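Okay, input07.cif is below, mmCIF, C-alpha atoms, pLDDT in the B column; chains and numbers go by the auth columns:
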```cif
data_data
loop_
_atom_site.group_PDB
_atom_site.id
_atom_site.type_symbol
_atom_site.label_atom_id
_atom_site.label_comp_id
_atom_site.label_asym_id
_atom_site.label_seq_id
_atom_site.Cartn_x
_atom_site.Cartn_y
_atom_site.Cartn_z
_atom_site.B_iso_or_equiv
_atom_site.auth_seq_id
_atom_site.auth_asym_id
ATOM 1 C CA MET A 1 -236.922 -12.593 -232.568 79.00 1 T
ATOM 2 C CA PHE A 2 -234.612 -9.615 -233.123 83.00 2 T
ATOM 3 C CA ARG A 3 -236.312 -8.759 -236.403 87.00 3 T
ATOM 4 C CA ASN A 4 -239.762 -8.728 -234.766 88.00 4 T
ATOM 5 C CA LEU A 5 -238.516 -6.440 -232.009 88.00 5 T
ATOM 6 C CA ALA A 6 -236.939 -4.104 -234.589 88.00 6 T
ATOM 7 C CA LEU A 7 -240.197 -3.995 -236.568 89.00 7 T
ATOM 8 C CA ILE A 8 -242.179 -3.183 -233.441 89.00 8 T
ATOM 9 C CA LEU A 9 -239.778 -0.355 -232.511 87.00 9 T
ATOM 10 C CA PHE A 10 -239.822 0.993 -236.060 88.00 10 T
ATOM 11 C CA GLY A 11 -243.625 0.918 -236.077 88.00 11 T
ATOM 12 C CA ALA A 12 -243.772 2.750 -232.754 84.00 12 T
ATOM 13 C CA PHE A 13 -241.425 5.490 -234.010 82.00 13 T
ATOM 14 C CA ALA A 14 -243.380 5.753 -237.275 85.00 14 T
ATOM 15 C CA LEU A 15 -246.658 6.227 -235.376 85.00 15 T
ATOM 16 C CA PHE A 16 -244.989 8.789 -233.125 81.00 16 T
ATOM 17 C CA PHE A 17 -243.853 10.875 -236.116 84.00 17 T
ATOM 18 C CA LEU A 18 -247.164 10.357 -237.889 89.00 18 T
ATOM 19 C CA ALA A 19 -248.808 12.125 -234.954 87.00 19 T
ATOM 20 C CA ASP A 20 -246.649 15.227 -235.640 88.00 20 T
ATOM 21 C CA PHE A 21 -247.520 15.109 -239.329 90.00 21 T
ATOM 22 C CA LEU A 22 -251.229 14.952 -238.523 92.00 22 T
ATOM 23 C CA VAL A 23 -250.940 17.850 -236.044 90.00 23 T
ATOM 24 C CA VAL A 24 -249.282 20.068 -238.661 92.00 24 T
ATOM 25 C CA TYR A 25 -251.697 18.991 -241.412 94.00 25 T
ATOM 26 C CA ASN A 26 -254.791 19.630 -239.268 94.00 26 T
ATOM 27 C CA ALA A 27 -253.403 22.995 -238.132 93.00 27 T
ATOM 28 C CA HIS A 28 -252.823 23.996 -241.765 94.00 28 T
ATOM 29 C CA ILE A 29 -256.416 23.122 -242.729 95.00 29 T
ATOM 30 C CA LYS A 30 -257.872 24.829 -239.663 94.00 30 T
ATOM 31 C CA ILE A 31 -255.880 28.038 -240.245 94.00 31 T
ATOM 32 C CA GLU A 32 -256.805 28.124 -243.943 93.00 32 T
ATOM 33 C CA LYS A 33 -260.515 27.931 -243.140 93.00 33 T
ATOM 34 C CA ALA A 34 -260.232 30.517 -240.370 93.00 34 T
ATOM 35 C CA VAL A 35 -258.385 32.995 -242.612 93.00 35 T
ATOM 36 C CA GLU A 36 -260.905 32.539 -245.434 91.00 36 T
ATOM 37 C CA GLN A 37 -263.803 33.157 -243.031 92.00 37 T
ATOM 38 C CA ALA A 38 -262.017 36.219 -241.628 92.00 38 T
ATOM 39 C CA LEU A 39 -261.569 37.653 -245.126 90.00 39 T
ATOM 40 C CA ASP A 40 -265.232 37.057 -245.958 88.00 40 T
ATOM 41 C CA GLY A 41 -266.241 38.776 -242.729 89.00 41 T
ATOM 42 C CA ALA A 42 -263.950 41.705 -243.499 88.00 42 T
ATOM 43 C CA ILE A 43 -265.646 42.191 -246.863 84.00 43 T
ATOM 44 C CA ILE A 44 -269.078 42.197 -245.247 83.00 44 T
ATOM 45 C CA VAL A 45 -268.104 44.629 -242.493 86.00 45 T
ATOM 46 C CA GLY A 46 -265.653 46.765 -244.472 81.00 46 T
ATOM 47 C CA VAL A 47 -267.835 47.590 -247.482 77.00 47 T
ATOM 48 C CA GLN A 48 -269.804 50.728 -246.811 70.00 48 T
ATOM 49 C CA GLU A 49 -273.510 50.261 -247.505 70.00 49 T
ATOM 50 C CA PRO A 50 -274.412 53.784 -248.756 68.00 50 T
ATOM 51 C CA GLU A 51 -271.585 53.672 -251.322 63.00 51 T
ATOM 52 C CA ASN A 52 -272.660 50.190 -252.372 63.00 52 T
ATOM 53 C CA GLN A 53 -276.190 51.461 -253.090 67.00 53 T
ATOM 54 C CA ARG A 54 -274.794 54.234 -255.281 67.00 54 T
ATOM 55 C CA GLY A 55 -272.938 51.763 -257.468 65.00 55 T
ATOM 56 C CA ARG A 56 -269.456 52.282 -255.996 67.00 56 T
ATOM 57 C CA LEU A 57 -267.644 49.551 -254.150 70.00 57 T
ATOM 58 C CA GLU A 58 -265.384 51.036 -251.484 74.00 58 T
ATOM 59 C CA MET A 59 -263.844 49.324 -248.500 79.00 59 T
ATOM 60 C CA ASN A 60 -262.931 50.911 -245.197 83.00 60 T
ATOM 61 C CA GLU A 61 -259.400 49.531 -244.791 86.00 61 T
ATOM 62 C CA SER A 62 -258.997 50.026 -241.049 89.00 62 T
ATOM 63 C CA VAL A 63 -262.348 48.365 -240.297 89.00 63 T
ATOM 64 C CA ALA A 64 -261.566 45.479 -242.652 89.00 64 T
ATOM 65 C CA LYS A 65 -258.126 44.865 -241.119 91.00 65 T
ATOM 66 C CA GLY A 66 -259.525 44.974 -237.587 92.00 66 T
ATOM 67 C CA THR A 67 -262.289 42.580 -238.555 92.00 67 T
ATOM 68 C CA VAL A 68 -259.814 40.065 -240.027 92.00 68 T
ATOM 69 C CA GLN A 69 -257.809 40.075 -236.807 93.00 69 T
ATOM 70 C CA SER A 70 -260.813 39.786 -234.490 94.00 70 T
ATOM 71 C CA ILE A 71 -262.481 36.986 -236.473 94.00 71 T
ATOM 72 C CA LEU A 72 -259.202 35.068 -236.728 93.00 72 T
ATOM 73 C CA LYS A 73 -258.613 35.405 -232.992 93.00 73 T
ATOM 74 C CA THR A 74 -262.116 34.119 -232.301 93.00 74 T
ATOM 75 C CA ASN A 75 -261.987 31.193 -234.751 93.00 75 T
ATOM 76 C CA LEU A 76 -258.554 29.946 -233.652 92.00 76 T
ATOM 77 C CA LYS A 77 -259.100 30.845 -229.961 91.00 77 T
ATOM 78 C CA LEU A 78 -255.994 33.046 -229.877 91.00 78 T
ATOM 79 C CA ASN A 79 -255.083 35.554 -227.180 91.00 79 T
ATOM 80 C CA ALA A 80 -254.102 39.195 -227.774 89.00 80 T
ATOM 81 C CA ASP A 81 -250.590 38.117 -228.894 88.00 81 T
ATOM 82 C CA LEU A 82 -252.116 35.713 -231.468 88.00 82 T
ATOM 83 C CA THR A 83 -250.837 32.663 -229.578 89.00 83 T
ATOM 84 C CA ASN A 84 -252.401 29.763 -227.714 90.00 84 T
ATOM 85 C CA ASP A 85 -251.383 26.290 -226.527 89.00 85 T
ATOM 86 C CA HIS A 86 -250.772 25.057 -230.096 90.00 86 T
ATOM 87 C CA PHE A 87 -249.597 28.142 -232.024 92.00 87 T
ATOM 88 C CA LEU A 88 -246.507 30.199 -231.145 91.00 88 T
ATOM 89 C CA ASN A 89 -244.911 33.400 -232.500 90.00 89 T
ATOM 90 C CA SER A 90 -247.887 34.208 -234.711 92.00 90 T
ATOM 91 C CA ASP A 91 -248.013 37.228 -237.003 93.00 91 T
ATOM 92 C CA LEU A 92 -250.921 38.465 -239.135 93.00 92 T
ATOM 93 C CA ARG A 93 -250.473 40.850 -242.048 94.00 93 T
ATOM 94 C CA THR A 94 -253.496 42.184 -243.904 93.00 94 T
ATOM 95 C CA PHE A 95 -253.421 44.234 -247.118 90.00 95 T
ATOM 96 C CA VAL A 96 -256.141 45.962 -249.113 87.00 96 T
ATOM 97 C CA THR A 97 -255.291 46.574 -252.758 83.00 97 T
ATOM 98 C CA TYR A 98 -257.314 47.952 -255.620 79.00 98 T
ATOM 99 C CA LEU A 99 -257.596 46.939 -259.252 75.00 99 T
ATOM 100 C CA GLY A 100 -258.945 50.171 -260.608 75.00 100 T
ATOM 101 C CA THR A 101 -261.839 50.773 -258.235 72.00 101 T
ATOM 102 C CA VAL A 102 -262.377 47.159 -257.175 75.00 102 T
ATOM 103 C CA PRO A 103 -260.963 46.251 -253.732 78.00 103 T
ATOM 104 C CA ARG A 104 -259.159 43.045 -252.884 83.00 104 T
ATOM 105 C CA ILE A 105 -258.230 42.029 -249.359 88.00 105 T
ATOM 106 C CA GLU A 106 -255.272 39.725 -248.687 91.00 106 T
ATOM 107 C CA ALA A 107 -254.007 38.146 -245.472 93.00 107 T
ATOM 108 C CA GLU A 108 -250.831 36.318 -244.528 95.00 108 T
ATOM 109 C CA PHE A 109 -250.704 34.407 -241.239 95.00 109 T
ATOM 110 C CA ASP A 110 -247.334 33.146 -240.000 94.00 110 T
ATOM 111 C CA THR A 111 -247.165 30.857 -236.992 94.00 111 T
ATOM 112 C CA GLU A 112 -245.278 27.939 -235.471 93.00 112 T
ATOM 113 C CA VAL A 113 -247.105 24.727 -234.566 93.00 113 T
ATOM 114 C CA LYS A 114 -245.913 22.850 -231.477 91.00 114 T
ATOM 115 C CA LEU A 115 -244.586 19.350 -232.180 89.00 115 T
ATOM 116 C CA PHE A 116 -244.436 16.251 -229.995 83.00 116 T
ATOM 117 C CA ALA A 117 -241.957 13.899 -231.650 80.00 117 T
ATOM 118 C CA GLY A 118 -239.805 16.689 -233.056 79.00 118 T
ATOM 119 C CA ARG A 119 -238.662 17.568 -229.538 80.00 119 T
ATOM 120 C CA MET A 120 -236.464 14.463 -229.552 79.00 120 T
ATOM 121 C CA PHE A 121 -234.439 16.073 -232.339 78.00 121 T
ATOM 122 C CA GLY A 122 -234.533 19.634 -231.031 81.00 122 T
ATOM 123 C CA LEU A 123 -237.391 20.805 -233.242 84.00 123 T
ATOM 124 C CA ASP A 124 -240.001 22.188 -230.852 88.00 124 T
ATOM 125 C CA ALA A 125 -242.208 23.833 -233.479 91.00 125 T
ATOM 126 C CA TYR A 126 -242.846 23.717 -237.207 91.00 126 T
ATOM 127 C CA PRO A 127 -243.279 27.043 -239.059 93.00 127 T
ATOM 128 C CA LEU A 128 -246.422 27.536 -241.161 92.00 128 T
ATOM 129 C CA THR A 129 -247.308 30.388 -243.503 92.00 129 T
ATOM 130 C CA ILE A 130 -250.846 30.678 -244.839 93.00 130 T
ATOM 131 C CA LYS A 131 -251.585 33.206 -247.600 93.00 131 T
ATOM 132 C CA ARG A 132 -255.140 33.869 -248.699 91.00 132 T
ATOM 133 C CA HIS A 133 -256.892 36.522 -250.757 86.00 133 T
ATOM 134 C CA THR A 134 -260.367 37.278 -251.924 79.00 134 T
ATOM 135 C CA PRO A 135 -261.188 37.202 -255.587 67.00 135 T
ATOM 136 C CA TYR A 136 -261.811 40.583 -257.129 56.00 136 T
ATOM 137 C CA LEU A 137 -265.291 41.755 -256.354 54.00 137 T
ATOM 138 C CA GLY A 138 -267.728 42.591 -259.134 50.00 138 T
ATOM 139 C CA GLU A 139 -268.182 46.146 -260.285 44.00 139 T
ATOM 140 C CA PHE A 140 -271.624 47.720 -260.070 37.00 140 T
ATOM 141 C CA LYS A 141 -272.951 49.670 -263.033 34.00 141 T
#
```

What is this file in C-alpha cells?
Amino acid sequence: MFRNLALILFGAFALFFLADFLVVYNAHIKIEKAVEQALDGAIIVGVQEPENQRGRLEMNESVAKGTVQSILKTNLKLNADLTNDHFLNSDLRTFVTYLGTVPRIEAEFDTEVKLFAGRMFGLDAYPLTIKRHTPYLGEFK
C-alpha cells in the first residue's frame, strides 16, 4: 500500500518536472528557428541590389540589424522590450563581420523561460542563450 502511494507521488512529481523540461526544449527549438529566419530575412533586406548586380556583395549593417530585431519580434510575438508571457529579460545582439569582402551576419539571443515546477524550488525562470550565424555568402565574379 505504502509503496504504491510512493510510486504514484513519484510519478506525479516526475510528470510535473517533465512539463518544465518540455517547455524549455520547445522554447529552444522555437527561438532557434525564429533567429535563423530573422538572419535570412536580414540578408535579403540588407544586401543592396545595385551593388549585387555589379558583382559586389555589400550589406547595409543598420538595415540588417533592424530587420533581425523586427522579424524576431514578429515570429516570437515579443513586445518592444523583447519580452512576452513566456520569455523574460531578453537581449538580442547582432553583428555583421566580413571575411575579405564577404559579409556574415551573426545573432545572439539571451532570454529566460518561465518555469512551472521550478517555482517550488525558487527557480522562476531558466536562462537560454541561442547563437546563430549565416554561412559565408558566395562571391560574385

Query - Residue neighbourhood range 23-40 of chain T, 6 Å, only C-alpha atoms, exclusion window fewer than 5 positions, as a PyMOL selection string - result: chain T and resi 68+71-72+75

Query raised in the report: Within 8 Å of Leu128 in chain T, counting only C-alpha atoms, which residues qualify if same-chain residues fewer than 4 places away don't, as a PyMOL selection string?
Result: chain T and resi 28+110-113

Query raised in the report: Using only C-alpha atoms, which of T:His86, T:Lys77, T:Arg119, T:Arg132 sits nearest Arg104 in chain T?
Result: T:Arg132

**Report entry** Atomic distance CA of Phe116 in chain T - CA of Leu15 in chain T, expressed in Å with one decimal
**Finding:** 11.6 Å

Query - Residues returned when the PyMOL selection byres ((chain T and resi 92) around 6) runs on this file, as a list in words - result: Asp91, Arg93, Glu108 and Phe109 of chain T

Report summary line: re CA of Gly118 in chain T and CA of Ala12 in chain T: distance 14.5 Å

Requested in this report: Name all residues at most 9 Å from Val63 in chain T (count only C-alpha atoms; drop same-chain ones fewer than 3 positions away) and give them as a ChimeraX atom specification.
Outcome: /T:42,45-46,59-60,66-68

Padded axis-aligned box of range 115-119 of chain T (5 Å per side), centre and edge lengths, Å, one decimal, as AutoDock Vina command-line options:
```
--center_x -241.6 --center_y 16.6 --center_z -231.3 --size_x 15.9 --size_y 15.5 --size_z 13.5
```

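With distances restricted to only C-alpha atoms, T:Phe16 is the closest residue to Met120 in chain T from T:Phe2, T:Leu76, T:Phe95, T:Phe16.
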
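Computed from the coordinates, the CA of Glu61 in chain T to CA of Asp81 in chain T distance equals 21.5 Å.
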
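Considering all atoms listed in the file, the residue among T:Leu115, T:Lys73, T:Gly41, T:Arg3 positioned nearest to Phe17 in chain T is T:Leu115.
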
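The smallest atom-to-atom distance between Ala117 in chain T and any of T:Leu78, T:Leu22, T:Leu88, T:Val102, using all atoms listed in the file, is found for T:Leu22.
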
Requested in this report: Kindly indicate which residue among T:Asp20, T:Glu49, T:Asp85, T:Glu106 lies nearest to Lys65 in chain T, using only C-alpha atoms for the distances.
Outcome: T:Glu106
